[in-house]
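File shown here: final-v7.csv, holding CSV, C-alpha atoms.
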chain,number,residue,atom,x,y,z
A,293,LEU,CA,-2.6,1.4,1.6
A,294,CYS,CA,0.7,0.7,-0.2
A,295,ARG,CA,-0.6,2.0,-3.6
A,296,ARG,CA,-3.0,4.8,-2.4
A,297,GLY,CA,-1.6,5.8,1.0
A,298,ARG,CA,-5.1,5.9,2.5
A,299,GLY,CA,-8.0,3.5,3.1
A,300,ALA,CA,-11.7,3.7,3.7
A,301,VAL,CA,-14.4,1.2,4.5
A,302,GLN,CA,-18.2,1.7,4.6
A,303,CYS,CA,-20.0,-0.2,7.4
A,304,LEU,CA,-23.8,-0.7,7.3
A,305,THR,CA,-25.2,-3.2,9.8
A,306,THR,CA,-28.9,-4.4,9.8
A,307,LEU,CA,-30.8,-6.9,11.8
A,308,LYS,CA,-33.4,-9.2,10.0
A,309,GLY,CA,-35.1,-11.3,12.5
A,310,ASP,CA,-32.4,-12.8,14.7
A,311,GLU,CA,-29.7,-12.7,12.0
A,312,LEU,CA,-27.2,-9.8,11.9
A,313,ILE,CA,-26.3,-8.8,8.4
A,314,PRO,CA,-23.1,-6.7,8.1
A,315,ASP,CA,-22.4,-4.8,4.8
A,316,LEU,CA,-18.8,-3.9,4.6
A,317,THR,CA,-17.6,-2.1,1.4
A,318,PRO,CA,-14.0,-1.2,0.9
A,319,TYR,CA,-13.5,2.1,-1.0
A,320,ASP,CA,-11.1,2.8,-3.8
A,321,THR,CA,-9.9,6.1,-2.4
A,322,ARG,CA,-9.2,7.5,-5.8
A,323,PHE,CA,-13.0,8.0,-6.1
A,324,HIS,CA,-13.6,8.9,-2.4
A,325,ALA,CA,-14.1,12.5,-1.2
A,326,TYR,CA,-14.6,13.5,2.4
A,327,TRP,CA,-14.8,16.5,4.7
A,328,LEU,CA,-14.0,16.6,8.4
A,329,GLY,CA,-16.0,17.9,11.3
A,330,THR,CA,-15.2,18.1,15.0
A,331,GLY,CA,-13.3,14.9,15.7
A,332,ALA,CA,-15.0,12.8,13.0
A,333,LEU,CA,-16.1,12.7,9.4
A,334,ASP,CA,-18.7,15.3,8.6
A,335,GLY,CA,-19.4,13.9,5.1
A,336,SER,CA,-18.3,11.2,2.7
A,337,ALA,CA,-18.9,10.8,-1.1
A,338,TYR,CA,-18.0,7.7,-3.1
A,339,LYS,CA,-18.3,7.5,-6.8
A,340,MET,CA,-18.9,4.0,-8.3
A,341,THR,CA,-19.5,2.5,-11.7
A,342,ARG,CA,-22.3,-0.2,-11.8
A,343,THR,CA,-24.6,-1.8,-14.2
A,344,HIS,CA,-28.4,-1.3,-14.2
A,345,ASP,CA,-28.9,-4.8,-12.8
A,346,GLU,CA,-26.4,-4.4,-10.0
A,347,ILE,CA,-28.0,-1.2,-8.9
A,348,ILE,CA,-31.5,-2.6,-8.9
A,349,GLY,CA,-30.3,-5.8,-7.2
A,350,LYS,CA,-28.6,-4.0,-4.3
A,351,TYR,CA,-31.2,-1.2,-4.0
A,352,PRO,CA,-34.6,-2.7,-4.9
A,353,LYS,CA,-36.5,0.5,-4.2
A,354,ALA,CA,-34.3,2.5,-6.5
A,355,ALA,CA,-36.1,4.5,-9.2
A,356,SER,CA,-35.1,6.4,-12.3
A,357,VAL,CA,-32.1,4.1,-13.1
A,358,PRO,CA,-31.3,4.1,-16.8
A,359,GLU,CA,-30.4,0.9,-18.7
A,360,GLY,CA,-26.7,0.4,-19.3
A,361,LEU,CA,-23.5,-1.3,-18.2
A,362,GLN,CA,-21.4,1.8,-17.2
A,363,ILE,CA,-23.6,3.9,-14.9
A,364,GLU,CA,-21.9,6.2,-12.5
A,365,ILE,CA,-23.5,6.6,-9.1
A,366,THR,CA,-22.4,8.5,-6.0
A,367,ARG,CA,-23.2,7.5,-2.4
A,368,ILE,CA,-23.2,10.5,-0.1
A,369,PHE,CA,-23.3,10.3,3.7
A,370,THR,CA,-23.7,13.1,6.2
A,371,PRO,CA,-24.6,12.7,9.9
A,372,THR,CA,-28.3,13.2,8.9
A,373,THR,CA,-28.7,12.1,5.3
A,374,ASP,CA,-28.0,9.0,3.1
A,375,GLN,CA,-28.1,9.9,-0.6
A,376,LEU,CA,-27.6,7.8,-3.7
A,377,SER,CA,-27.7,9.7,-6.9
A,378,LEU,CA,-26.7,9.4,-10.5
A,379,THR,CA,-23.5,11.4,-11.3
A,380,VAL,CA,-25.5,13.0,-14.1
A,381,GLY,CA,-29.2,12.8,-13.3
A,382,PRO,CA,-31.7,12.6,-10.5
A,383,ASP,CA,-31.3,11.0,-7.0
A,384,ILE,CA,-32.0,7.3,-6.8
A,385,PHE,CA,-33.0,7.8,-3.2
A,386,ASN,CA,-32.5,10.4,-0.5
A,387,GLN,CA,-33.3,9.2,3.0
A,388,MET,CA,-32.5,9.8,6.6
A,389,ASN,CA,-29.2,8.4,8.0
A,390,PRO,CA,-30.3,6.0,10.7
A,391,TYR,CA,-26.9,5.9,12.4
A,392,GLY,CA,-26.6,9.6,13.2
A,393,TYR,CA,-22.9,9.7,12.0
A,394,VAL,CA,-21.1,9.0,8.8
A,395,PRO,CA,-20.8,5.2,8.7
A,396,VAL,CA,-17.3,5.2,7.0
A,397,VAL,CA,-14.0,4.5,8.6
A,398,PHE,CA,-11.2,6.5,7.0
A,399,HIS,CA,-7.4,6.7,7.7
A,400,THR,CA,-4.4,8.2,6.0
A,401,VAL,CA,-0.9,6.7,6.3
A,402,PRO,CA,1.1,9.2,8.4
A,403,MET,CA,3.9,9.5,5.9
A,404,GLY,CA,4.7,11.9,3.1
A,405,SER,CA,5.6,15.6,2.8
A,406,MET,CA,5.7,17.5,6.0
A,407,GLN,CA,5.7,20.8,4.2
A,408,LEU,CA,2.7,23.1,4.2
A,409,ASP,CA,3.4,25.0,1.0
A,410,ALA,CA,1.1,25.1,-2.0
A,411,GLY,CA,0.0,21.7,-3.2
A,412,TYR,CA,1.1,19.8,-0.1
A,413,GLU,CA,-2.2,17.8,0.0
A,414,LYS,CA,-1.2,15.5,-2.8
A,415,TYR,CA,1.9,14.4,-0.9
A,416,GLN,CA,-0.1,13.4,2.2
A,417,GLY,CA,-0.4,9.6,2.7
A,418,GLU,CA,1.8,8.8,-0.3
A,419,SER,CA,2.2,5.4,-1.8
A,420,ILE,CA,5.0,3.1,-1.0
A,421,ILE,CA,7.2,4.7,-3.7
A,422,PHE,CA,7.4,8.0,-2.0
A,423,LEU,CA,11.1,7.6,-1.1
A,424,PHE,CA,12.0,7.9,-4.8
A,425,ARG,CA,9.0,9.6,-6.4
A,426,ASP,CA,11.1,12.4,-7.8
A,427,ILE,CA,13.5,9.9,-9.3
A,428,LEU,CA,10.7,8.2,-11.1
A,429,ILE,CA,10.0,11.3,-13.2
A,430,GLU,CA,13.6,11.3,-14.4
A,431,LEU,CA,13.5,7.6,-14.9
A,432,CYS,CA,10.5,8.0,-17.3
A,433,LYS,CA,12.4,10.6,-19.2
A,434,VAL,CA,15.4,8.4,-19.7
A,435,ALA,CA,13.2,5.5,-20.8
A,436,SER,CA,11.6,7.8,-23.3
A,437,MET,CA,14.9,9.0,-24.7
A,438,ILE,CA,16.3,5.4,-25.0
A,439,GLN,CA,13.1,4.4,-26.8
A,440,SER,CA,13.6,7.3,-29.2
A,441,LEU,CA,17.2,6.2,-29.9
A,442,ASN,CA,16.0,2.7,-30.6
A,443,LEU,CA,13.6,4.0,-33.2
A,444,LYS,CA,16.4,6.2,-34.6
A,445,GLY,CA,18.5,3.0,-34.9
A,446,VAL,CA,15.8,1.4,-37.1
A,447,ASP,CA,15.4,4.5,-39.3
A,448,SER,CA,18.7,6.2,-38.8
A,449,ALA,CA,20.3,9.1,-40.6
A,450,LEU,CA,23.2,8.3,-42.9
A,451,GLN,CA,26.6,10.0,-43.5
A,452,LEU,CA,28.5,9.6,-46.7
A,453,LYS,CA,32.2,9.5,-46.2
A,454,MET,CA,34.3,10.7,-49.2
A,455,PRO,CA,37.9,11.9,-49.7
A,456,LYS,CA,38.0,15.6,-49.1
A,457,PRO,CA,39.0,16.6,-52.7
A,458,SER,CA,35.8,14.9,-54.0
A,459,ILE,CA,33.6,17.0,-51.8
A,460,MET,CA,32.3,19.9,-53.9
A,461,PRO,CA,30.0,22.8,-52.7
A,462,GLY,CA,26.4,22.1,-53.7
A,463,MET,CA,27.1,18.6,-54.8
A,464,LYS,CA,24.1,16.3,-55.0
A,465,VAL,CA,24.0,13.0,-53.1
A,466,THR,CA,21.5,10.1,-53.3
A,467,ASP,CA,18.5,10.6,-51.0
A,468,LYS,CA,18.1,8.3,-48.0
A,469,ASP,CA,15.2,6.2,-49.3
A,470,THR,CA,17.1,5.4,-52.5
A,471,ALA,CA,20.4,4.7,-50.7
A,472,THR,CA,18.7,2.3,-48.3
A,473,ASP,CA,16.6,0.5,-50.9
A,474,PRO,CA,17.6,-3.2,-50.8
A,475,ALA,CA,17.4,-3.3,-54.6
A,476,HIS,CA,19.5,-0.2,-55.1
A,477,ILE,CA,23.2,-0.3,-56.1
A,478,GLU,CA,25.2,2.7,-55.2
A,479,VAL,CA,28.7,3.5,-56.4
A,480,VAL,CA,30.9,5.0,-53.7
A,481,GLU,CA,34.5,6.1,-53.6
A,482,THR,CA,37.0,4.2,-51.6
A,483,PRO,CA,37.9,4.7,-48.9
A,484,GLY,CA,34.4,6.0,-48.0
A,485,GLY,CA,30.8,5.0,-48.3
A,486,TYR,CA,27.5,5.3,-46.3
A,487,GLU,CA,27.6,4.8,-42.5
A,488,LEU,CA,25.0,5.3,-39.8
A,489,MET,CA,25.2,8.5,-37.8
A,490,PRO,CA,27.2,8.0,-34.6
A,491,ILE,CA,24.4,8.0,-32.0
A,492,GLY,CA,25.9,5.3,-30.0
A,493,LYS,CA,27.8,7.7,-27.7
A,494,LEU,CA,24.5,9.4,-26.8
A,495,ALA,CA,23.1,6.0,-26.0
A,496,ASP,CA,26.1,5.3,-23.8
A,497,GLN,CA,25.5,8.5,-21.8
A,498,LEU,CA,21.9,7.6,-21.3
A,499,VAL,CA,22.9,4.2,-19.9
A,500,LEU,CA,25.2,5.9,-17.5
A,501,LEU,CA,22.4,8.2,-16.4
A,502,LEU,CA,20.1,5.2,-16.0
A,503,GLN,CA,22.7,3.5,-13.8
A,504,MET,CA,23.0,6.6,-11.6
A,505,LEU,CA,19.2,6.8,-11.1
A,506,GLN,CA,19.2,3.1,-10.3
A,507,VAL,CA,21.9,3.6,-7.6
A,508,ARG,CA,19.8,6.3,-6.0
A,509,MET,CA,16.7,4.1,-6.0
A,510,ASP,CA,18.8,1.2,-4.5
A,511,ARG,CA,20.0,3.5,-1.7
A,512,ASN,CA,16.4,4.3,-0.8
A,513,THR,CA,15.2,0.7,-0.9
A,514,LEU,CA,18.4,-0.9,0.4
A,515,THR,CA,18.3,-3.3,-2.6
A,516,SER,CA,22.0,-2.7,-3.1
A,517,GLN,CA,22.7,-4.0,0.4
A,518,GLN,CA,20.4,-7.0,-0.2
A,519,ASN,CA,22.2,-7.9,-3.4
A,520,ILE,CA,25.6,-8.4,-1.7
A,521,GLY,CA,26.7,-11.8,-2.6
A,522,GLN,CA,28.3,-12.6,0.8
A,523,PRO,CA,26.7,-13.8,4.0
A,524,LYS,CA,25.2,-10.9,6.0
A,525,THR,CA,26.0,-10.2,9.7
A,526,ALA,CA,23.2,-10.0,12.2
A,527,THR,CA,23.5,-6.2,12.2
A,528,GLU,CA,23.1,-6.0,8.4
A,529,ILE,CA,20.0,-8.2,8.6
A,530,LEU,CA,18.5,-6.0,11.3
A,531,GLN,CA,19.3,-2.9,9.2
A,532,ILE,CA,17.4,-4.3,6.3
A,533,ALA,CA,14.4,-5.3,8.5
A,534,GLN,CA,14.4,-1.8,10.0
A,535,ALA,CA,14.4,-0.2,6.6
A,536,GLN,CA,11.5,-2.4,5.5
A,537,GLY,CA,9.7,-1.6,8.7
A,538,ASP,CA,10.2,2.2,8.2
A,539,VAL,CA,8.2,1.9,5.0
A,540,ILE,CA,5.8,-0.9,5.6
A,541,MET,CA,5.0,-0.6,9.3
A,542,PRO,CA,3.2,2.8,9.1
A,543,ARG,CA,0.9,1.2,6.5
A,544,LEU,CA,0.2,-1.9,8.6
A,545,SER,CA,-0.4,0.3,11.6
A,546,THR,CA,-2.9,2.3,9.5
A,547,ARG,CA,-4.5,-0.9,8.5
A,548,GLY,CA,-4.8,-1.8,12.1
A,549,LEU,CA,-6.5,1.5,12.9
A,550,ILE,CA,-9.0,1.0,10.1
A,551,LYS,CA,-9.8,-2.5,11.4
A,552,GLN,CA,-10.1,-1.2,15.0
A,553,GLY,CA,-12.4,1.6,13.9
A,554,LEU,CA,-14.4,-0.8,11.8
A,555,ALA,CA,-14.8,-3.2,14.7
A,556,GLU,CA,-15.9,-0.4,17.1
A,557,MET,CA,-18.4,0.9,14.5
A,558,PHE,CA,-19.7,-2.6,13.9
A,559,ILE,CA,-20.2,-3.3,17.6
A,560,LYS,CA,-21.9,0.1,18.0
A,561,GLN,CA,-24.3,-0.5,15.1
A,562,THR,CA,-25.0,-4.0,16.4
A,563,ILE,CA,-26.0,-2.9,19.9
A,564,LYS,CA,-28.2,-0.1,18.5
A,565,ALA,CA,-29.9,-2.5,16.0
A,566,CYS,CA,-30.6,-5.1,18.8
A,567,GLU,CA,-31.9,-2.5,21.2
A,568,LYS,CA,-34.2,-1.0,18.6
A,569,ALA,CA,-35.6,-4.4,17.9
A,570,GLY,CA,-35.8,-5.3,21.6
A,571,LYS,CA,-33.5,-8.3,21.3
A,572,SER,CA,-30.9,-9.4,23.8
A,573,SER,CA,-29.2,-11.8,21.4
A,574,PHE,CA,-28.5,-12.2,17.7
A,575,LYS,CA,-26.9,-14.7,15.3
A,576,LEU,CA,-24.0,-14.0,13.0
A,577,ASP,CA,-23.3,-16.8,10.4
A,578,GLY,CA,-25.6,-19.0,12.4
A,579,GLN,CA,-23.6,-18.6,15.7
A,580,PRO,CA,-25.5,-17.0,18.6
A,581,PHE,CA,-24.1,-14.0,20.5
A,582,GLU,CA,-25.3,-12.1,23.6
A,583,VAL,CA,-25.7,-8.3,23.2
A,584,GLY,CA,-24.6,-7.9,26.8
A,585,ASP,CA,-21.2,-9.3,26.1
A,586,LEU,CA,-20.5,-6.4,23.7
A,587,LYS,CA,-21.2,-3.8,26.3
A,588,GLY,CA,-18.8,-2.7,29.0
A,589,ALA,CA,-15.2,-1.4,29.1
A,590,TYR,CA,-12.7,-3.1,26.8
A,591,LYS,CA,-10.1,-2.3,24.2
A,592,ILE,CA,-9.7,-3.5,20.6
A,593,GLU,CA,-6.2,-3.5,19.1
A,594,TYR,CA,-4.7,-4.9,15.9
A,595,LYS,CA,-0.9,-5.4,15.9
A,596,TYR,CA,1.2,-6.4,13.0
A,597,SER,CA,4.9,-7.5,12.9
A,598,PHE,CA,7.3,-9.1,10.5
A,599,LYS,CA,7.9,-12.8,10.9
A,600,ASP,CA,11.2,-13.8,9.1
A,601,PRO,CA,13.5,-16.6,10.3
A,602,ALA,CA,16.6,-14.7,9.2
A,603,THR,CA,15.6,-11.7,11.2
A,604,ASP,CA,14.6,-13.8,14.3
A,605,ILE,CA,18.0,-15.5,14.2
A,606,ALA,CA,19.7,-12.1,13.9
A,607,ARG,CA,17.8,-10.7,16.9
A,608,GLN,CA,18.7,-13.8,19.0
A,609,SER,CA,22.3,-13.3,18.1
A,610,VAL,CA,22.3,-9.7,19.1
A,611,ALA,CA,20.3,-10.5,22.3
A,612,THR,CA,22.8,-13.2,23.3
A,613,SER,CA,25.7,-10.7,22.9
A,614,VAL,CA,23.9,-8.0,25.0
A,615,LYS,CA,23.0,-10.5,27.7
A,616,GLY,CA,26.7,-11.5,28.0
A,617,LEU,CA,27.5,-7.9,28.9
A,618,ASN,CA,25.2,-8.1,32.0
A,619,LEU,CA,24.1,-4.5,31.5
A,620,LEU,CA,20.4,-5.1,30.9
A,621,SER,CA,17.7,-7.2,32.6
A,622,ASP,CA,16.2,-10.2,30.9
A,623,GLU,CA,12.9,-8.3,30.7
A,624,ASP,CA,14.6,-5.4,28.8
A,625,ILE,CA,16.3,-7.9,26.4
A,626,LEU,CA,13.0,-9.7,25.7
A,627,ARG,CA,11.1,-6.5,25.1
A,628,ASP,CA,13.7,-4.3,23.2
A,629,TYR,CA,15.8,-6.9,21.3
A,630,LEU,CA,13.6,-9.9,20.9
A,631,LEU,CA,10.5,-7.8,20.6
A,632,ARG,CA,8.4,-10.2,22.6
A,633,GLU,CA,4.8,-9.0,23.2
A,634,ASP,CA,4.6,-10.2,26.8
A,635,PRO,CA,8.1,-10.3,28.4
A,636,GLU,CA,6.7,-10.5,31.9
A,637,GLY,CA,4.7,-13.6,30.9
A,638,ASP,CA,7.8,-15.1,29.3
A,639,LEU,CA,9.8,-14.7,32.5
A,640,ARG,CA,7.0,-16.3,34.5
A,641,ASN,CA,7.1,-19.3,32.1
A,642,PHE,CA,10.8,-19.5,32.3
A,643,ALA,CA,10.6,-19.5,36.1
A,644,HIS,CA,8.0,-22.3,36.1
A,645,GLN,CA,10.1,-24.3,33.7
A,646,GLU,CA,13.2,-23.9,35.8
A,647,ALA,CA,11.3,-24.8,38.9
A,648,ARG,CA,10.1,-28.0,37.3
A,649,ARG,CA,13.6,-28.8,36.1
A,650,ILE,CA,15.1,-28.4,39.6
A,651,ASN,CA,12.2,-30.2,41.4
A,652,PRO,CA,10.7,-33.0,39.1
A,653,LEU,CA,7.9,-33.5,41.7
A,654,LEU,CA,6.4,-30.2,40.5
A,655,ASP,CA,6.3,-31.5,37.0
A,656,VAL,CA,4.6,-34.7,38.2
A,657,ARG,CA,2.0,-32.7,40.2
A,658,ASP,CA,1.2,-30.5,37.1
A,659,LYS,CA,0.6,-33.6,35.0
A,660,ILE,CA,-1.7,-35.1,37.7
Reformat the file's structure so that it appears as structure tokens.
Amino acid sequence: LCRRGRGAVQCLTTLKGDELIPDLTPYDTRFHAYWLGTGALDGSAYKMTRTHDEIIGKYPKAASVPEGLQIEITRIFTPTTDQLSLTVGPDIFNQMNPYGYVPVVFHTVPMGSMQLDAGYEKYQGESIIFLFRDILIELCKVASMIQSLNLKGVDSALQLKMPKPSIMPGMKVTDKDTATDPAHIEVVETPGGYELMPIGKLADQLVLLLQMLQVRMDRNTLTSQQNIGQPKTATEILQIAQAQGDVIMPRLSTRGLIKQGLAEMFIKQTIKACEKAGKSSFKLDGQPFEVGDLKGAYKIEYKYSFKDPATDIARQSVATSVKGLNLLSDEDILRDYLLREDPEGDLRNFAHQEARRINPLLDVRDKI
């Protein structure tokens, strides 16, 4: 998600006897194409490179698979079909999709260009470098020019300095290969002689341009603030954490959505497989589970957050300052400043702890 800006996972669940066998395949989204229907994927195509033995080992019934180590195959799902074919060649198999939907979970990071002009698609779900993607192009240009100057320094042009009265129109000078031959001896006037062409000023200008681009990148990533050599205040630490969260958290949230969708699809396929086989229980990694426990109303969520001691201390410092103003309730401070997941539960625990401190008999009773 940080490099591609999007993620996809294929979920195929089968039941063999009492053992549930999940088959989860993460996709490299560079090779994944999809098309949308009404509220869900209407099709998915994933191109892979496999050896002959890998294809036969995973798909024993596959036919017409050529020998080789770099065989391109494409797995295509629609709500009704499941097709595996050679990129150039016949189908390996083409069968009915037993699930009735595309068994692929796909999500895009909700970051990138908000414009709808031509070519906007390539900026949807951008990688983690989207904040300075335009600067990277200029950075590559500067790196190329500096490398060219380095090569020029190895095989540089020469200038021959001579007193002005000695310079005659059409005069012949020694060619460069001869002048730079280690075994060659050249007679030159004094003051004068051969010198390298002054390309150092151009190199200095490129260094200034490189520094300017680096400053722009630092502003987008807050590395300039992180490199300050003095102790940071709580506010500065929280600003850095917030800037990191602005870039990373949408990607972690997307990861959570993929895992949530994957869990829901896995449960759905498990229930369907067990009902088709007429079983009320199954085993996963040798551990028994009841199908009935998977049914009913419940919600699956994945939450991510940064855990950093410096940030935690900074939040505590700010929360202590806010509490001293007596403008917000303890619950608001726990939720908005300390970012506690269950502020109401924390307050209940605080109340019980305070009650046991005031009345030691309560503590004795709890221990009994």
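If you measure from each of A:Val380, A:Val357, A:Leu549, A:Val397 to Thr321 (chain A) using all atoms listed in the file, the closest one turns out to be A:Val397.
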Closest of A:Ala611, A:Val394, A:Ile313, A:Met388 to Arg627 (chain A) - atom-to-atom distances counting all atoms listed in the file: A:Ala611
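For the set A:Tyr391, A:Ile363, A:Lys595, A:Lys464, the residue with the smallest atom-to-atom gap to Leu378 (chain A) is A:Ile363, counting all atoms listed in the file.
The nearest approach to Lys433 (chain A) among the residues A:Thr400, A:Ala325, A:Ala555, A:Leu505, with only C-alpha atoms taken into account, belongs to A:Leu505.
Interatomic distance, CA of Gly335 (chain A) against CA of Gln302 (chain A): 12.3 Å.
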